[in-house]
Amino acid sequence: MAYGGYGYLDFKYSPTDDDFIVLFWATGSVPIEKIAEAIAAESSVGSWTKLATMNENVWTHYRARVFWIGKVGKNSGFIKVAYPIEHFDTKNIMQFQASVLGNIFGLKELEELYVFDISFPKGYQRQFGGPLHGIEGIRKLVGTEKTRRPHVGTIVKPKVGLTPKEWAHVAYEAYSGGLDLVKDDENLVDQKFCGWEERLHEVVKAIDTASGETGQKHLYSCNITDRYSRMVKRLDYLNSLKLQKHIIVMLDAYVIGMAALQDILDITKRYGFATHGHRAGFAAANRGSYGVNFQIYEKFYRLLGIDQMHIGTGVGKMEGSPLVIKRLHDIAEQQKLAEKFYFGSLEMEFAPHIKPMLSIASGGIDAGKIDALVALHGLNTNIQAGAGVHGHPGGTLKGAISMRQAIDAGMLGISSPKYAKTHSELAQALKVWGYSDPNEIKKALEYEQKNAKRLTAQAMKKGRNGMETGGE
Ligand code: 3PG
């Protein structure tokens with residue numbers, strides 16, 4: 001079998017430490033072997049027909065090799081492809097995207113194409129700096145190096161519409177209730193009703209007042225998302241005010257794209273700012289039959305140097321089973337990742353200089369979900385709730401208090417329902433939104449550990465539909 005005159009199947013090939021490994025799922029109108037060759041050709045050196053210009057050097061050094069196919073049906077299956085490091089430009093993720101995540105999505109033989117994961121060789125990772133602050137740096141900013149408790153924050157709601165003074169007042173109440181972090185929503189930047197600069201000044205005042213009262217360090221994740229030149233102006237301004245201890249620079253990382261993100265992160269690092277990545281928009285290219293799994297973006301974000309990153313929740317309003325979200329947490333926190341085929345996750349090791357990012361659990365959270373989230377992620381996480389704070393029957397202050405109470409209870413080894421007996425704000429939150437039992441999470445984690453082989457067999461039998469469920 002060949003595609004465009006060349007054969008890309010090489011089942012005897014053993015990938016080297018310098019290869020990229022990419023795991024695809026595909027179905028189409030032709031046998032899976034042919035689909036695999038089409039993918040390898042179009043994403044590396046080939047095209048639809050033989051080339052008079054092809055030569056031995058190109059073929060030997062730059063082609064992709066299909067070294068494994070996990071056939072699920074005649075025309076469907078999993079495909080592992082190895083790409084040589086020489087194929088790729090340096091410090092240029094866009095060139096990588098155009099190769100491996102590019103034209104192949106338009107090939108007409110394909111009916112489904114999903115890129116589950118990429119394992120990046122250390123040689124490629126060396127060109128990126130990783131997070132400046134990482135988990136430990138963010139802990140220093142918040143003052144939790146010793147307590148090691150999870151961070152807790154809120155997204156001001158309504159998402160947009162409040163004036164700067166109203167917004168800052170909500171932030172002040174949240175800080176007063178003990179929250180570490182208040183953030184802009186992904187769709188709030190510099191609209192007429194809430195100018196970016198005015199809001200910034202009002203929030204910094206709120207932080208100073210609240211810190212005087214709580215004795216805590218409080219932070220503001222300030223959304224600078226915009227065209228590149230405006231983001232740079234905002235960074236220059238934040239730097240001129242020396243706000244590195246008050247501000248975490250927030251970026252809607254997916255929508256600004258890798259090109260702007262790379263340069264913006266160079267500047268935030270030069271100025272010493274920590275960064276907060278929101279993933280709004282990624283699901284547009286992730287949930288259908290064609291897409292790129294968020295694990296891949298997350299790895300890029302860590303390599304480029306985002307310090308804390310939204311990963312969904314597993315128990316909140318965003319898609320993703322708890323175990324899938326746990327994998328995203330591990331990509332943020334761990335250096336070594338074992339293969340978990342049933343989530344489409346490959347083995348990979350981050351280079352030693354790439355610091356861990358803090359995972360952010362966000363989307364549909366309230367105090368009653370904190371025990372479950374800590375069971376899932378452990379303590380190295382930032383848990384934030386918007387509606388779960390501002391929708392509390394007692395308002396923002398009590399909503400914030402309820403979140404802190406749930407965190408404090410967990411650190412004392414007390415469950416939220418028990419702590420709620422003597423803490424009314426937490427009791428109110430549990431009454432309105434209920435309690436997510438952490439034992440369910442523990443059971444799911446144990447199930448995964450005991451059944452890894454069975455889950456893999458299930459994925460191999462059912463294909464993409466048999467995956468990402470974290471159980472049967
Ligand atoms: C986010 O930025 O993650 C969302 O706005 C979360 O909002 P919610 O806590 O109200 O679901």
# chains A, B, ... in the order shown; residues from 1 in each chain; ligands from 1

$ residues_near_ligand --ligand "ligand 1" --cutoff "9 Å" --atoms "only C-alpha atoms and all ligand atoms" --output "ChimeraX atom specification"
/A:154-159,183-187,278-280,310,312,316-318,360-366,384-391

$ residues_around --residues "Pro352 of chain A" --least-positions-apart "3" --cutoff "9 Å" --atoms "only C-alpha atoms" --output "ChimeraX atom specification"
/A:335,349,355

$ write_last_selection --atoms "C-alpha atoms" --output "PDB file, in the first residue's frame"
ATOM      1  CA  GLN A 335       7.487  15.669  35.024  1.00  0.00           C
ATOM      2  CA  GLU A 349       8.771  13.258  30.168  1.00  0.00           C
ATOM      3  CA  LYS A 355       8.701  23.789  35.794  1.00  0.00           C
TER       4      LYS A 355
END

$ residues_around --residues "segment 37-41 of chain A" --least-positions-apart "5" --cutoff "8 Å" --atoms "only C-alpha atoms" --output "list in words"
Ala2, Tyr3, Gly4, Gly7, Tyr8, Leu9, Gly46, Ser47, Arg63, Ala64, Arg65, Val66, Val81 and Ile104 of chain A

$ write_last_selection --atoms "N, CA and C atoms" --output "mmCIF file, in the first residue's frame"
data_model
loop_
_atom_site.group_PDB
_atom_site.id
_atom_site.type_symbol
_atom_site.label_atom_id
_atom_site.label_comp_id
_atom_site.auth_asym_id
_atom_site.auth_seq_id
_atom_site.Cartn_x
_atom_site.Cartn_y
_atom_site.Cartn_z
ATOM 1 N N ALA A 2 0.440 2.234 -0.741
ATOM 2 C CA ALA A 2 1.226 3.478 -0.773
ATOM 3 C C ALA A 2 0.277 4.650 -0.980
ATOM 4 N N TYR A 3 0.743 5.817 -0.643
ATOM 5 C CA TYR A 3 -0.066 7.023 -0.877
ATOM 6 C C TYR A 3 0.807 8.008 -1.622
ATOM 7 N N GLY A 4 0.287 8.504 -2.746
ATOM 8 C CA GLY A 4 1.067 9.461 -3.542
ATOM 9 C C GLY A 4 2.366 8.855 -4.028
ATOM 10 N N GLY A 7 5.485 4.609 0.232
ATOM 11 C CA GLY A 7 4.961 3.816 1.349
ATOM 12 C C GLY A 7 5.484 4.372 2.674
ATOM 13 N N TYR A 8 4.563 4.745 3.553
ATOM 14 C CA TYR A 8 4.967 5.342 4.838
ATOM 15 C C TYR A 8 4.819 4.368 6.007
ATOM 16 N N LEU A 9 4.326 3.150 5.705
ATOM 17 C CA LEU A 9 4.164 2.175 6.787
ATOM 18 C C LEU A 9 5.522 1.560 7.094
ATOM 19 N N GLY A 46 5.134 14.355 1.669
ATOM 20 C CA GLY A 46 4.502 13.904 0.431
ATOM 21 C C GLY A 46 3.310 14.709 -0.011
ATOM 22 N N SER A 47 2.650 14.173 -1.034
ATOM 23 C CA SER A 47 1.416 14.765 -1.523
ATOM 24 C C SER A 47 0.616 13.651 -2.200
ATOM 25 N N ARG A 63 10.762 12.312 6.401
ATOM 26 C CA ARG A 63 9.418 11.755 6.273
ATOM 27 C C ARG A 63 8.894 11.272 7.630
ATOM 28 N N ALA A 64 7.573 11.206 7.717
ATOM 29 C CA ALA A 64 6.934 10.615 8.899
ATOM 30 C C ALA A 64 6.812 9.115 8.682
ATOM 31 N N ARG A 65 6.862 8.362 9.785
ATOM 32 C CA ARG A 65 6.751 6.902 9.682
ATOM 33 C C ARG A 65 5.570 6.398 10.508
ATOM 34 N N VAL A 66 4.691 5.664 9.882
ATOM 35 C CA VAL A 66 3.592 5.024 10.613
ATOM 36 C C VAL A 66 4.171 3.743 11.192
ATOM 37 N N VAL A 81 2.343 7.715 14.722
ATOM 38 C CA VAL A 81 3.271 8.188 13.696
ATOM 39 C C VAL A 81 4.477 8.821 14.384
ATOM 40 N N ILE A 104 -3.974 17.875 6.947
ATOM 41 C CA ILE A 104 -4.554 16.518 7.026
ATOM 42 C C ILE A 104 -6.037 16.556 7.389
#

$ select_by_dssp --residues "segment 253-362 of chain A" --states "alpha helix (DSSP H)" --output "PyMOL selection string"
chain A and resi 253-271+294-304+322-333

$ closest_residue --among "A:Thr144, A:Asn439, A:Gln308, A:Ser211" --to "Ser415 of chain A" --atoms "only C-alpha atoms"
A:Asn439

$ residues_around --residues "segment 27-30 of chain A" --least-positions-apart "3" --cutoff "6 Å" --atoms "only C-alpha atoms" --output "list in words"
Asn75, Ser76, Glu109, Leu110, Glu111 and Glu112 of chain A

$ write_last_selection --atoms "C-alpha atoms" --output "PDB file, in the first residue's frame"
ATOM      1  CA  ASN A  75     -11.504   1.682   7.715  1.00  0.00           C
ATOM      2  CA  SER A  76     -10.930   2.854  11.259  1.00  0.00           C
ATOM      3  CA  GLU A 109     -10.830  10.245   2.431  1.00  0.00           C
ATOM      4  CA  LEU A 110     -11.272  11.054   6.113  1.00  0.00           C
ATOM      5  CA  GLU A 111     -14.569  10.981   7.957  1.00  0.00           C
ATOM      6  CA  GLU A 112     -13.098  11.418  11.434  1.00  0.00           C
TER       7      GLU A 112
END

$ closest_residue --among "A:Lys340, A:Ser345, A:Thr214, A:Lys418" --to "Lys453 of chain A" --atoms "only C-alpha atoms"
A:Lys340

$ select_by_dssp --residues "segment 163-322 of chain A" --states "strand (DSSP E or B)" --output "MDAnalysis selection string"
chainID A and resid 181:183 219:223 247:252 274:278 290:292 308:310

$ closest_atom_pairs --of "segment 180-292 of chain A" --to "segment 95-103 of chain A" --cutoff "12 Å" --atoms "only C-alpha atoms" --output "tab-separated table"
residue	atom	partner	partner_atom	distance
A:Gly257	CA	A:Gln97	CA	10.9
A:Met258	CA	A:Gln97	CA	9.3
A:Ala259	CA	A:Gln95	CA	10.1
A:Ala285	CA	A:Leu101	CA	11.0
A:Tyr290	CA	A:Leu101	CA	10.7
A:Gly291	CA	A:Leu101	CA	8.9
A:Val292	CA	A:Leu101	CA	7.6

$ write_last_selection --atoms "N, CA and C atoms" --output "mmCIF file, in the first residue's frame"
data_model
loop_
_atom_site.group_PDB
_atom_site.id
_atom_site.type_symbol
_atom_site.label_atom_id
_atom_site.label_comp_id
_atom_site.auth_asym_id
_atom_site.auth_seq_id
_atom_site.Cartn_x
_atom_site.Cartn_y
_atom_site.Cartn_z
ATOM 1 N N GLY A 257 -3.793 32.629 20.051
ATOM 2 C CA GLY A 257 -2.958 31.842 19.136
ATOM 3 C C GLY A 257 -1.515 31.771 19.598
ATOM 4 N N MET A 258 -0.839 30.759 19.100
ATOM 5 C CA MET A 258 0.534 30.483 19.551
ATOM 6 C C MET A 258 1.506 31.605 19.192
ATOM 7 N N ALA A 259 1.279 32.267 18.054
ATOM 8 C CA ALA A 259 2.251 33.272 17.599
ATOM 9 C C ALA A 259 2.342 34.411 18.608
ATOM 10 N N ALA A 285 -12.587 23.181 18.458
ATOM 11 C CA ALA A 285 -11.816 22.270 17.608
ATOM 12 C C ALA A 285 -11.451 20.997 18.356
ATOM 13 N N TYR A 290 -13.671 15.811 14.212
ATOM 14 C CA TYR A 290 -12.328 16.283 13.839
ATOM 15 C C TYR A 290 -11.817 17.149 14.979
ATOM 16 N N GLY A 291 -10.604 16.929 15.404
ATOM 17 C CA GLY A 291 -10.145 17.814 16.462
ATOM 18 C C GLY A 291 -8.779 17.484 17.012
ATOM 19 N N VAL A 292 -8.402 18.320 17.966
ATOM 20 C CA VAL A 292 -7.105 18.197 18.619
ATOM 21 C C VAL A 292 -7.368 18.193 20.117
#

$ closest_atom_pairs --of "segment 286-342 of chain A" --to "segment 113-126 of chain A" --cutoff "9 Å" --atoms "only C-alpha atoms" --output "CSV"
residue,atom,partner,partner_atom,distance
A:Asn286,CA,A:Tyr114,CA,8.1
A:Gly288,CA,A:Tyr114,CA,8.7
A:Ser289,CA,A:Leu113,CA,6.3
A:Tyr290,CA,A:Leu113,CA,4.7
A:Gly291,CA,A:Tyr114,CA,4.8
A:Val292,CA,A:Val115,CA,4.8
A:Asn293,CA,A:Phe116,CA,5.1
A:Phe294,CA,A:Phe116,CA,8.3
A:Gln295,CA,A:Asp117,CA,6.4
A:Ile296,CA,A:Asp117,CA,5.7
A:Lys299,CA,A:Ile118,CA,8.7
A:Leu303,CA,A:Gln125,CA,6.8

$ write_last_selection --atoms "N, CA and C atoms" --output "PDB file, in the first residue's frame"
ATOM      1  N   ASN A 286     -12.268  20.602  19.289  1.00  0.00           N
ATOM      2  CA  ASN A 286     -11.889  19.483  20.139  1.00  0.00           C
ATOM      3  C   ASN A 286     -13.005  18.472  20.340  1.00  0.00           C
ATOM      4  N   GLY A 288     -15.837  17.589  18.259  1.00  0.00           N
ATOM      5  CA  GLY A 288     -16.537  16.890  17.186  1.00  0.00           C
ATOM      6  C   GLY A 288     -15.747  15.695  16.676  1.00  0.00           C
ATOM      7  N   SER A 289     -16.004  15.304  15.434  1.00  0.00           N
ATOM      8  CA  SER A 289     -15.301  14.162  14.849  1.00  0.00           C
ATOM      9  C   SER A 289     -13.891  14.534  14.404  1.00  0.00           C
ATOM     10  N   TYR A 290     -13.671  15.811  14.212  1.00  0.00           N
ATOM     11  CA  TYR A 290     -12.328  16.283  13.839  1.00  0.00           C
ATOM     12  C   TYR A 290     -11.817  17.149  14.979  1.00  0.00           C
ATOM     13  N   GLY A 291     -10.604  16.929  15.404  1.00  0.00           N
ATOM     14  CA  GLY A 291     -10.145  17.814  16.462  1.00  0.00           C
ATOM     15  C   GLY A 291      -8.779  17.484  17.012  1.00  0.00           C
ATOM     16  N   VAL A 292      -8.402  18.320  17.966  1.00  0.00           N
ATOM     17  CA  VAL A 292      -7.105  18.197  18.619  1.00  0.00           C
ATOM     18  C   VAL A 292      -7.368  18.193  20.117  1.00  0.00           C
ATOM     19  N   ASN A 293      -6.943  17.154  20.794  1.00  0.00           N
ATOM     20  CA  ASN A 293      -7.202  17.048  22.228  1.00  0.00           C
ATOM     21  C   ASN A 293      -6.491  18.156  22.996  1.00  0.00           C
ATOM     22  N   PHE A 294      -7.148  18.604  24.067  1.00  0.00           N
ATOM     23  CA  PHE A 294      -6.577  19.698  24.846  1.00  0.00           C
ATOM     24  C   PHE A 294      -5.216  19.344  25.452  1.00  0.00           C
ATOM     25  N   GLN A 295      -4.940  18.049  25.652  1.00  0.00           N
ATOM     26  CA  GLN A 295      -3.633  17.674  26.235  1.00  0.00           C
ATOM     27  C   GLN A 295      -2.478  18.288  25.442  1.00  0.00           C
ATOM     28  N   ILE A 296      -2.684  18.370  24.128  1.00  0.00           N
ATOM     29  CA  ILE A 296      -1.604  18.858  23.261  1.00  0.00           C
ATOM     30  C   ILE A 296      -1.378  20.355  23.485  1.00  0.00           C
ATOM     31  N   LYS A 299       0.308  20.919  26.830  1.00  0.00           N
ATOM     32  CA  LYS A 299       1.761  20.700  26.822  1.00  0.00           C
ATOM     33  C   LYS A 299       2.479  21.896  26.214  1.00  0.00           C
ATOM     34  N   LEU A 303       5.236  24.276  28.015  1.00  0.00           N
ATOM     35  CA  LEU A 303       6.564  24.479  27.412  1.00  0.00           C
ATOM     36  C   LEU A 303       6.833  25.966  27.210  1.00  0.00           C
TER      37      LEU A 303
END

$ closest_residue --among "A:Ala429, A:Ala409, A:Cys222, A:Ile93" --to "Asp263 of chain A" --atoms "only C-alpha atoms"
A:Ile93
